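What follows is model.cif (mmCIF, C-alpha atoms).
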```
data_target
#
loop_
_atom_site.group_PDB
_atom_site.id
_atom_site.type_symbol
_atom_site.label_atom_id
_atom_site.label_comp_id
_atom_site.auth_asym_id
_atom_site.auth_seq_id
_atom_site.Cartn_x
_atom_site.Cartn_y
_atom_site.Cartn_z
ATOM 1 C CA ILE A 1 -27.447 -18.687 5.248
ATOM 2 C CA VAL A 2 -24.576 -16.610 3.844
ATOM 3 C CA GLY A 3 -21.676 -15.466 5.977
ATOM 4 C CA THR A 4 -18.384 -16.420 7.581
ATOM 5 C CA ILE A 5 -18.029 -19.189 10.173
ATOM 6 C CA ASP A 6 -19.025 -16.911 13.068
ATOM 7 C CA THR A 7 -22.284 -16.125 11.264
ATOM 8 C CA TRP A 8 -23.055 -19.831 10.944
ATOM 9 C CA ILE A 9 -22.256 -20.523 14.607
ATOM 10 C CA ILE A 10 -24.360 -17.619 15.930
ATOM 11 C CA TRP A 11 -27.204 -18.546 13.558
ATOM 12 C CA ASN A 12 -27.307 -22.070 14.964
ATOM 13 C CA LEU A 13 -26.827 -21.026 18.599
ATOM 14 C CA THR A 14 -29.722 -18.585 18.386
ATOM 15 C CA GLY A 15 -32.202 -21.000 16.835
ATOM 16 C CA GLY A 16 -31.141 -21.636 13.248
ATOM 17 C CA ASN A 17 -34.181 -22.033 11.008
ATOM 18 C CA LYS A 18 -36.363 -21.148 13.988
ATOM 19 C CA ALA A 19 -35.682 -17.397 14.132
ATOM 20 C CA GLY A 20 -31.869 -17.614 14.226
ATOM 21 C CA VAL A 21 -29.972 -14.304 14.238
ATOM 22 C CA HIS A 22 -28.131 -13.572 10.969
ATOM 23 C CA VAL A 23 -25.179 -11.379 12.032
ATOM 24 C CA THR A 24 -21.430 -10.935 11.915
ATOM 25 C CA ASP A 25 -19.030 -8.406 13.437
ATOM 26 C CA VAL A 26 -16.840 -5.732 11.898
ATOM 27 C CA THR A 27 -13.645 -7.809 12.085
ATOM 28 C CA ASN A 28 -15.060 -10.838 10.295
ATOM 29 C CA ALA A 29 -16.896 -8.635 7.790
ATOM 30 C CA SER A 30 -13.656 -6.823 6.978
ATOM 31 C CA ARG A 31 -12.054 -10.155 6.072
ATOM 32 C CA THR A 32 -14.527 -10.685 3.235
ATOM 33 C CA LEU A 33 -13.130 -7.545 1.530
ATOM 34 C CA MET A 34 -16.732 -6.489 0.930
ATOM 35 C CA MET A 35 -17.141 -4.135 3.912
ATOM 36 C CA ASN A 36 -16.395 -0.435 3.655
ATOM 37 C CA LEU A 37 -13.800 0.209 6.375
ATOM 38 C CA HIS A 38 -15.172 3.698 7.046
ATOM 39 C CA SER A 39 -18.943 3.240 6.975
ATOM 40 C CA LEU A 40 -18.757 -0.295 8.457
ATOM 41 C CA ASN A 41 -21.470 -1.348 5.999
ATOM 42 C CA TRP A 42 -21.334 -3.684 3.039
ATOM 43 C CA ASP A 43 -19.889 -1.646 0.185
ATOM 44 C CA PRO A 44 -22.524 -1.271 -2.571
ATOM 45 C CA ARG A 45 -19.985 -0.823 -5.380
ATOM 46 C CA ILE A 46 -18.077 -3.976 -4.454
ATOM 47 C CA LEU A 47 -21.316 -5.937 -4.061
ATOM 48 C CA SER A 48 -22.403 -4.711 -7.483
ATOM 49 C CA ASP A 49 -19.094 -5.745 -9.061
ATOM 50 C CA LEU A 50 -19.408 -9.206 -7.503
ATOM 51 C CA ASP A 51 -23.156 -9.456 -8.206
ATOM 52 C CA ILE A 52 -23.954 -10.227 -4.556
ATOM 53 C CA PRO A 53 -27.299 -8.915 -3.212
ATOM 54 C CA ASN A 54 -26.969 -7.020 0.055
ATOM 55 C CA SER A 55 -30.053 -8.839 1.346
ATOM 56 C CA MET A 56 -28.118 -12.127 1.387
ATOM 57 C CA LEU A 57 -25.465 -10.868 3.791
ATOM 58 C CA PRO A 58 -25.575 -10.760 7.597
ATOM 59 C CA GLU A 59 -26.043 -7.594 9.612
ATOM 60 C CA ILE A 60 -22.687 -6.125 10.662
ATOM 61 C CA LYS A 61 -22.438 -5.401 14.383
ATOM 62 C CA PRO A 62 -19.724 -4.244 16.825
ATOM 63 C CA SER A 63 -17.389 -6.973 18.106
ATOM 64 C CA ALA A 64 -18.550 -6.542 21.694
ATOM 65 C CA GLY A 65 -22.337 -6.228 21.874
ATOM 66 C CA ASP A 66 -25.571 -8.184 21.866
ATOM 67 C CA PHE A 67 -25.652 -11.020 19.316
ATOM 68 C CA GLY A 68 -28.676 -12.786 20.752
ATOM 69 C CA GLN A 69 -29.129 -15.723 23.109
ATOM 70 C CA ALA A 70 -27.870 -19.287 22.862
ATOM 71 C CA LYS A 71 -31.257 -20.997 23.160
ATOM 72 C CA ASP A 72 -29.963 -24.542 23.660
ATOM 73 C CA LEU A 73 -27.571 -23.340 26.368
ATOM 74 C CA GLY A 74 -30.179 -21.946 28.704
ATOM 75 C CA GLY A 75 -30.465 -18.582 26.979
ATOM 76 C CA ILE A 76 -26.884 -17.502 27.716
ATOM 77 C CA PRO A 77 -26.298 -14.151 25.961
ATOM 78 C CA ILE A 78 -23.748 -14.030 23.142
ATOM 79 C CA LEU A 79 -21.817 -10.830 23.767
ATOM 80 C CA GLY A 80 -18.674 -11.097 21.666
ATOM 81 C CA ASP A 81 -17.567 -12.031 18.157
ATOM 82 C CA LEU A 82 -14.106 -11.386 16.705
ATOM 83 C CA GLY A 83 -12.086 -12.796 13.831
ATOM 84 C CA ASP A 84 -9.037 -14.964 14.433
ATOM 85 C CA GLN A 85 -6.116 -12.525 14.514
ATOM 86 C CA GLN A 86 -8.167 -9.616 15.846
ATOM 87 C CA ALA A 87 -9.311 -11.861 18.687
ATOM 88 C CA ALA A 88 -5.657 -12.418 19.587
ATOM 89 C CA LEU A 89 -5.028 -8.645 19.507
ATOM 90 C CA PHE A 90 -8.033 -8.034 21.756
ATOM 91 C CA GLY A 91 -7.159 -10.935 24.031
ATOM 92 C CA GLN A 92 -3.635 -9.569 24.436
ATOM 93 C CA THR A 93 -5.247 -6.253 25.559
ATOM 94 C CA CYS A 94 -3.630 -4.195 22.800
ATOM 95 C CA PHE A 95 -6.137 -1.372 23.320
ATOM 96 C CA SER A 96 -3.850 1.639 22.707
ATOM 97 C CA PRO A 97 -2.171 2.868 19.507
ATOM 98 C CA GLY A 98 1.336 1.463 19.319
ATOM 99 C CA GLU A 99 0.488 -1.809 21.031
ATOM 100 C CA ALA A 100 0.925 -4.886 18.867
ATOM 101 C CA LYS A 101 0.705 -8.649 19.001
ATOM 102 C CA ASN A 102 2.496 -11.276 16.956
ATOM 103 C CA THR A 103 1.224 -14.840 16.684
ATOM 104 C CA TYR A 104 4.127 -17.206 16.000
ATOM 105 C CA GLY A 105 2.858 -20.390 14.370
ATOM 106 C CA THR A 106 3.451 -21.991 10.980
ATOM 107 C CA GLY A 107 3.722 -18.380 9.827
ATOM 108 C CA CYS A 108 3.473 -15.078 11.691
ATOM 109 C CA PHE A 109 0.587 -12.629 11.932
ATOM 110 C CA LEU A 110 1.523 -9.265 13.374
ATOM 111 C CA LEU A 111 -1.170 -6.661 14.116
ATOM 112 C CA LEU A 112 -0.515 -3.093 15.298
ATOM 113 C CA ASN A 113 -3.224 -0.969 16.895
ATOM 114 C CA THR A 114 -3.293 2.324 14.961
ATOM 115 C CA GLY A 115 -6.195 3.948 16.808
ATOM 116 C CA LYS A 116 -9.511 5.342 15.611
ATOM 117 C CA GLN A 117 -8.447 6.169 12.055
ATOM 118 C CA ALA A 118 -7.915 3.686 9.237
ATOM 119 C CA VAL A 119 -4.337 4.024 7.963
ATOM 120 C CA PRO A 120 -4.004 3.325 4.224
ATOM 121 C CA SER A 121 -0.946 1.139 3.687
ATOM 122 C CA ARG A 122 1.709 2.073 1.167
ATOM 123 C CA ALA A 123 4.272 -0.403 2.502
ATOM 124 C CA GLY A 124 2.668 -3.741 1.688
ATOM 125 C CA LEU A 125 0.438 -4.196 4.733
ATOM 126 C CA ILE A 126 -3.287 -4.797 5.256
ATOM 127 C CA THR A 127 -5.497 -2.079 6.725
ATOM 128 C CA THR A 128 -8.265 -3.699 8.727
ATOM 129 C CA LEU A 129 -10.586 -3.446 11.708
ATOM 130 C CA ALA A 130 -9.046 -4.280 15.061
ATOM 131 C CA TYR A 131 -12.329 -4.354 17.009
ATOM 132 C CA GLN A 132 -15.327 -2.253 17.959
ATOM 133 C CA ILE A 133 -17.091 -2.059 21.299
ATOM 134 C CA GLU A 134 -20.796 -1.247 21.141
ATOM 135 C CA GLY A 135 -21.442 2.482 21.527
ATOM 136 C CA GLN A 136 -17.823 3.375 20.736
ATOM 137 C CA PRO A 137 -15.998 4.223 17.496
ATOM 138 C CA PRO A 138 -14.133 1.371 15.807
ATOM 139 C CA CYS A 139 -10.443 0.715 16.376
ATOM 140 C CA TYR A 140 -8.224 -0.010 13.369
ATOM 141 C CA CYS A 141 -4.959 -1.829 12.874
ATOM 142 C CA LEU A 142 -2.325 -2.692 10.323
ATOM 143 C CA GLU A 143 -1.546 -6.346 9.699
ATOM 144 C CA GLY A 144 1.510 -8.004 8.252
ATOM 145 C CA SER A 145 1.471 -11.707 7.372
ATOM 146 C CA ILE A 146 4.653 -13.802 7.179
ATOM 147 C CA ALA A 147 4.387 -17.145 5.399
ATOM 148 C CA ILE A 148 7.156 -19.231 6.955
ATOM 149 C CA THR A 149 8.358 -19.118 10.572
ATOM 150 C CA GLY A 150 7.513 -22.222 12.616
ATOM 151 C CA ALA A 151 7.246 -24.112 9.345
ATOM 152 C CA LEU A 152 10.975 -23.492 8.844
ATOM 153 C CA VAL A 153 11.731 -25.380 12.066
ATOM 154 C CA GLN A 154 9.525 -28.203 10.794
ATOM 155 C CA TRP A 155 11.526 -28.149 7.562
ATOM 156 C CA LEU A 156 14.783 -28.560 9.499
ATOM 157 C CA ARG A 157 13.186 -31.530 11.261
ATOM 158 C CA ASP A 158 11.420 -33.245 8.369
ATOM 159 C CA ASN A 159 13.530 -32.381 5.323
ATOM 160 C CA LEU A 160 17.091 -31.848 6.592
ATOM 161 C CA LYS A 161 16.558 -34.118 9.624
ATOM 162 C CA ILE A 162 19.089 -32.208 11.719
ATOM 163 C CA ILE A 163 16.688 -32.332 14.678
ATOM 164 C CA GLN A 164 14.270 -35.016 15.818
ATOM 165 C CA THR A 165 11.701 -32.741 17.443
ATOM 166 C CA SER A 166 10.963 -29.052 16.900
ATOM 167 C CA SER A 167 11.939 -28.157 20.466
ATOM 168 C CA GLU A 168 15.516 -29.359 19.836
ATOM 169 C CA VAL A 169 16.182 -26.421 17.534
ATOM 170 C CA GLU A 170 16.877 -24.061 20.442
ATOM 171 C CA ALA A 171 19.721 -26.134 21.889
ATOM 172 C CA LEU A 172 21.195 -26.663 18.429
ATOM 173 C CA ALA A 173 21.069 -22.922 17.708
ATOM 174 C CA GLU A 174 22.736 -22.204 21.062
ATOM 175 C CA SER A 175 25.583 -24.614 20.267
ATOM 176 C CA VAL A 176 27.261 -21.819 18.269
ATOM 177 C CA ILE A 177 28.132 -18.277 19.411
ATOM 178 C CA ASP A 178 26.659 -16.607 16.309
ATOM 179 C CA ASN A 179 25.201 -17.453 12.915
ATOM 180 C CA GLY A 180 28.640 -17.841 11.337
ATOM 181 C CA GLY A 181 27.671 -15.469 8.540
ATOM 182 C CA ILE A 182 24.677 -17.623 7.534
ATOM 183 C CA TYR A 183 21.402 -15.930 6.537
ATOM 184 C CA PHE A 184 18.240 -17.798 5.648
ATOM 185 C CA VAL A 185 15.441 -16.370 3.497
ATOM 186 C CA PRO A 186 12.598 -18.914 3.843
ATOM 187 C CA ALA A 187 10.616 -17.926 0.771
ATOM 188 C CA PHE A 188 9.334 -21.455 0.230
ATOM 189 C CA SER A 189 6.016 -20.177 -1.101
ATOM 190 C CA GLY A 190 7.098 -16.650 -1.995
ATOM 191 C CA LEU A 191 7.434 -13.708 0.356
ATOM 192 C CA PHE A 192 4.402 -12.200 2.060
ATOM 193 C CA ALA A 193 4.386 -8.796 3.810
ATOM 194 C CA PRO A 194 5.811 -6.364 3.086
ATOM 195 C CA TYR A 195 7.063 -7.635 -0.317
ATOM 196 C CA TRP A 196 4.246 -9.785 -1.746
ATOM 197 C CA ARG A 197 6.505 -11.573 -4.210
ATOM 198 C CA SER A 198 4.984 -14.889 -5.219
ATOM 199 C CA ASP A 199 7.992 -15.597 -7.437
ATOM 200 C CA ALA A 200 10.541 -15.404 -4.597
ATOM 201 C CA ARG A 201 12.231 -18.635 -3.513
ATOM 202 C CA GLY A 202 14.172 -19.663 -0.438
ATOM 203 C CA VAL A 203 17.922 -19.205 -0.130
ATOM 204 C CA ILE A 204 20.691 -19.850 2.388
ATOM 205 C CA ILE A 205 23.707 -17.606 1.890
ATOM 206 C CA GLY A 206 27.089 -17.189 3.547
ATOM 207 C CA MET A 207 28.086 -20.852 3.796
ATOM 208 C CA THR A 208 31.751 -21.820 4.180
ATOM 209 C CA ARG A 209 33.546 -24.985 5.280
ATOM 210 C CA HIS A 210 33.123 -23.623 8.812
ATOM 211 C CA THR A 211 29.321 -23.882 8.542
ATOM 212 C CA ASN A 212 27.652 -26.589 10.620
ATOM 213 C CA GLN A 213 24.152 -27.603 11.688
ATOM 214 C CA GLY A 214 24.167 -25.138 14.574
ATOM 215 C CA HIS A 215 24.708 -22.178 12.253
ATOM 216 C CA ILE A 216 21.839 -23.278 10.023
ATOM 217 C CA ALA A 217 19.527 -23.728 13.023
ATOM 218 C CA ARG A 218 20.480 -20.327 14.376
ATOM 219 C CA ALA A 219 19.949 -18.658 11.012
ATOM 220 C CA ALA A 220 16.532 -20.324 10.768
ATOM 221 C CA LEU A 221 15.422 -18.842 14.095
ATOM 222 C CA GLU A 222 16.931 -15.467 13.236
ATOM 223 C CA ALA A 223 14.919 -15.485 9.998
ATOM 224 C CA THR A 224 11.759 -15.182 12.079
ATOM 225 C CA ALA A 225 13.193 -12.176 13.909
ATOM 226 C CA TYR A 226 14.331 -10.460 10.715
ATOM 227 C CA GLN A 227 10.972 -10.969 9.020
ATOM 228 C CA THR A 228 9.153 -9.664 12.087
ATOM 229 C CA ARG A 229 11.361 -6.579 12.167
ATOM 230 C CA GLU A 230 10.664 -5.866 8.498
ATOM 231 C CA VAL A 231 6.921 -5.893 9.171
ATOM 232 C CA VAL A 232 7.286 -3.667 12.247
ATOM 233 C CA GLU A 233 9.365 -1.143 10.286
ATOM 234 C CA ALA A 234 6.783 -1.140 7.480
ATOM 235 C CA MET A 235 4.032 -0.517 10.036
ATOM 236 C CA GLN A 236 5.847 2.422 11.591
ATOM 237 C CA LEU A 237 6.559 3.853 8.141
ATOM 238 C CA ASP A 238 2.891 3.558 7.158
ATOM 239 C CA SER A 239 1.298 4.835 10.328
ATOM 240 C CA GLY A 240 3.806 7.083 12.049
ATOM 241 C CA VAL A 241 2.860 5.149 15.194
ATOM 242 C CA ASN A 242 5.844 3.963 17.209
ATOM 243 C CA LEU A 243 5.769 0.406 18.505
ATOM 244 C CA LEU A 244 5.256 0.600 22.273
ATOM 245 C CA THR A 245 4.680 -3.054 23.138
ATOM 246 C CA LEU A 246 4.883 -6.340 21.239
ATOM 247 C CA LYS A 247 2.946 -9.148 22.895
ATOM 248 C CA ILE A 248 3.389 -12.671 21.587
ATOM 249 C CA ASP A 249 1.454 -15.917 21.406
ATOM 250 C CA GLY A 250 1.249 -19.001 19.226
ATOM 251 C CA GLY A 251 2.682 -22.499 19.137
ATOM 252 C CA MET A 252 6.188 -21.514 18.030
#
```
As structure tokens:
Amino acid sequence: IVGTIDTWIIWNLTGGNKAGVHVTDVTNASRTLMMNLHSLNWDPRILSDLDIPNSMLPEIKPSAGDFGQAKDLGGIPILGDLGDQQAALFGQTCFSPGEAKNTYGTGCFLLLNTGKQAVPSRAGLITTLAYQIEGQPPCYCLEGSIAITGALVQWLRDNLKIIQTSSEVEALAESVIDNGGIYFVPAFSGLFAPYWRSDARGVIIGMTRHTNQGHIARAALEATAYQTREVVEAMQLDSGVNLLTLKIDGGM
């Protein structure tokens, strides 16, 4: 069986080698970079370039629809299948253009609903499928990925050891009235959206003898906000869609 993890799960739930259903949905298919965003079919030119036969790949279906029955679970119907970040967008009910979600974890993944038309990005973002409900046209979104957000708090804990647990960073950041002129660019593994600079490296600027641990902690948290704002501004520049709502989730 060829496909992404959802394909494998549905295949096994619906019977596996005994007439299992070989399917995926538009969001997971879009992540392979082999699906045409407009036709919602596997793109023949890309498949030809990669020498991948179309017959090997799963059928692409809407995100909300009939994916078969889970035979070992009493025949319960499987009626939904979405990729990771799109599932968060859908779960946060971002169903209208201008509604967005941001998942704050090790990094950040911000998706903005742009409506029924795919918006080509010129500002360093990813154009992708948001979701599709069976019988309805697909919904598209722009995505911006940020490499380091929660991981920066872990770095303060594990490398600088200025906090013992991640949750302590808030109190330490609130111990000062502002960032003291400190700005933190956490490009530990380069910068992702909207710059895509693999050669970038992290930097802390603005330090004086006045600088203390609180200023560094505050600048670290502010770095997440600044990076998020850069992605939002890039999205609005690309799409012309104003941000109406930003819903948040994630461990951070």
Residues of stretch 52-133 of chain A at most 6 Å from stretch 148-172 of chain A: nearest atom pair and distance in Å, all atoms listed in the file, as a tab-separated table:
```
residue	atom	partner	partner_atom	distance
A:Gly105	CA	A:Gly150	CA	5.3
A:Thr106	CA	A:Gly150	CA	4.4
A:Gly107	CA	A:Ile148	CA	4.6
```
Shortest interatomic distance to A:Ala147 - which of A:Thr7, A:Ser96, A:Ser198, A:Thr32, counting all atoms listed in the file: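 Result for the nearest residue to A:Ala147: A:Ser198.
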Which residues come within 10 Å of A:Ala70, counting only C-alpha atoms, excluding same-chain residues fewer than 2 positions away, as a ChimeraX atom specification? /A:10-15,20,67-68,72-78
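Shortest atom-to-atom contact with A:Leu110 among A:Ser145, A:Asn212, A:Ser239, A:Thr27: A:Ser145, counting only C-alpha atoms.
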I need the output of the PyMOL selection byres ((chain A and resi 33-42) around 8) for this file as number ranges by chain; which residues are they? A: 26, 29-32, 43-44, 46-47, 54, 60, 118, 128-129
State, in Å with one decimal place, the distance from atom CA of A:Ile126 to atom CA of A:Gly3. 21.3 Å
Where atoms are lacking, stretch 125-147 of chain A completed to N, CA and C atoms, as a compact mmCIF listing (two decimals), in the frame of the given file:
```txt
# COMPACT_ATOMS: atom_id res chain seq x y z
N LEU A 125 1.17 -3.64 3.60
CA LEU A 125 0.44 -4.20 4.73
C LEU A 125 -1.06 -4.19 4.45
N ILE A 126 -1.84 -4.77 5.37
CA ILE A 126 -3.29 -4.80 5.26
C ILE A 126 -3.87 -3.84 6.28
N THR A 127 -4.75 -2.94 5.82
CA THR A 127 -5.50 -2.08 6.72
C THR A 127 -6.80 -2.78 7.07
N THR A 128 -7.08 -2.93 8.35
CA THR A 128 -8.26 -3.70 8.73
C THR A 128 -8.82 -3.20 10.05
N LEU A 129 -9.97 -3.75 10.42
CA LEU A 129 -10.59 -3.45 11.71
C LEU A 129 -9.89 -4.24 12.80
N ALA A 130 -9.59 -3.57 13.90
CA ALA A 130 -9.05 -4.28 15.06
C ALA A 130 -10.18 -4.83 15.92
N TYR A 131 -11.14 -3.96 16.24
CA TYR A 131 -12.33 -4.35 17.01
C TYR A 131 -13.22 -3.13 17.14
N GLN A 132 -14.43 -3.35 17.60
CA GLN A 132 -15.33 -2.25 17.96
C GLN A 132 -16.17 -2.69 19.15
N ILE A 133 -16.23 -1.84 20.15
CA ILE A 133 -17.09 -2.06 21.30
C ILE A 133 -18.37 -1.27 21.09
N GLU A 134 -19.50 -1.87 21.38
CA GLU A 134 -20.80 -1.25 21.14
C GLU A 134 -20.88 0.13 21.79
N GLY A 135 -21.32 1.12 21.02
CA GLY A 135 -21.44 2.48 21.53
C GLY A 135 -20.17 3.29 21.41
N GLN A 136 -19.10 2.68 20.88
CA GLN A 136 -17.82 3.38 20.74
C GLN A 136 -17.37 3.33 19.27
N PRO A 137 -16.51 4.27 18.88
CA PRO A 137 -16.00 4.22 17.50
C PRO A 137 -15.12 3.00 17.30
N PRO A 138 -14.97 2.55 16.06
CA PRO A 138 -14.13 1.37 15.81
C PRO A 138 -12.66 1.67 16.02
N CYS A 139 -11.90 0.62 16.27
CA CYS A 139 -10.44 0.72 16.38
C CYS A 139 -9.85 -0.03 15.19
N TYR A 140 -8.83 0.56 14.57
CA TYR A 140 -8.22 -0.01 13.37
C TYR A 140 -6.82 -0.54 13.66
N CYS A 141 -6.33 -1.33 12.73
CA CYS A 141 -4.96 -1.83 12.87
C CYS A 141 -4.36 -2.07 11.50
N LEU A 142 -3.05 -2.23 11.49
CA LEU A 142 -2.33 -2.69 10.32
C LEU A 142 -1.88 -4.12 10.59
N GLU A 143 -1.95 -4.94 9.55
CA GLU A 143 -1.55 -6.35 9.70
C GLU A 143 -0.49 -6.70 8.68
N GLY A 144 0.50 -7.45 9.13
CA GLY A 144 1.51 -8.00 8.25
C GLY A 144 1.58 -9.51 8.43
N SER A 145 1.45 -10.24 7.33
CA SER A 145 1.47 -11.71 7.37
C SER A 145 2.80 -12.22 6.84
N ILE A 146 3.39 -13.17 7.57
CA ILE A 146 4.65 -13.80 7.18
C ILE A 146 4.36 -15.28 6.92
N ALA A 147 4.80 -15.79 5.80
CA ALA A 147 4.39 -17.14 5.40
C ALA A 147 5.07 -18.24 6.20
```
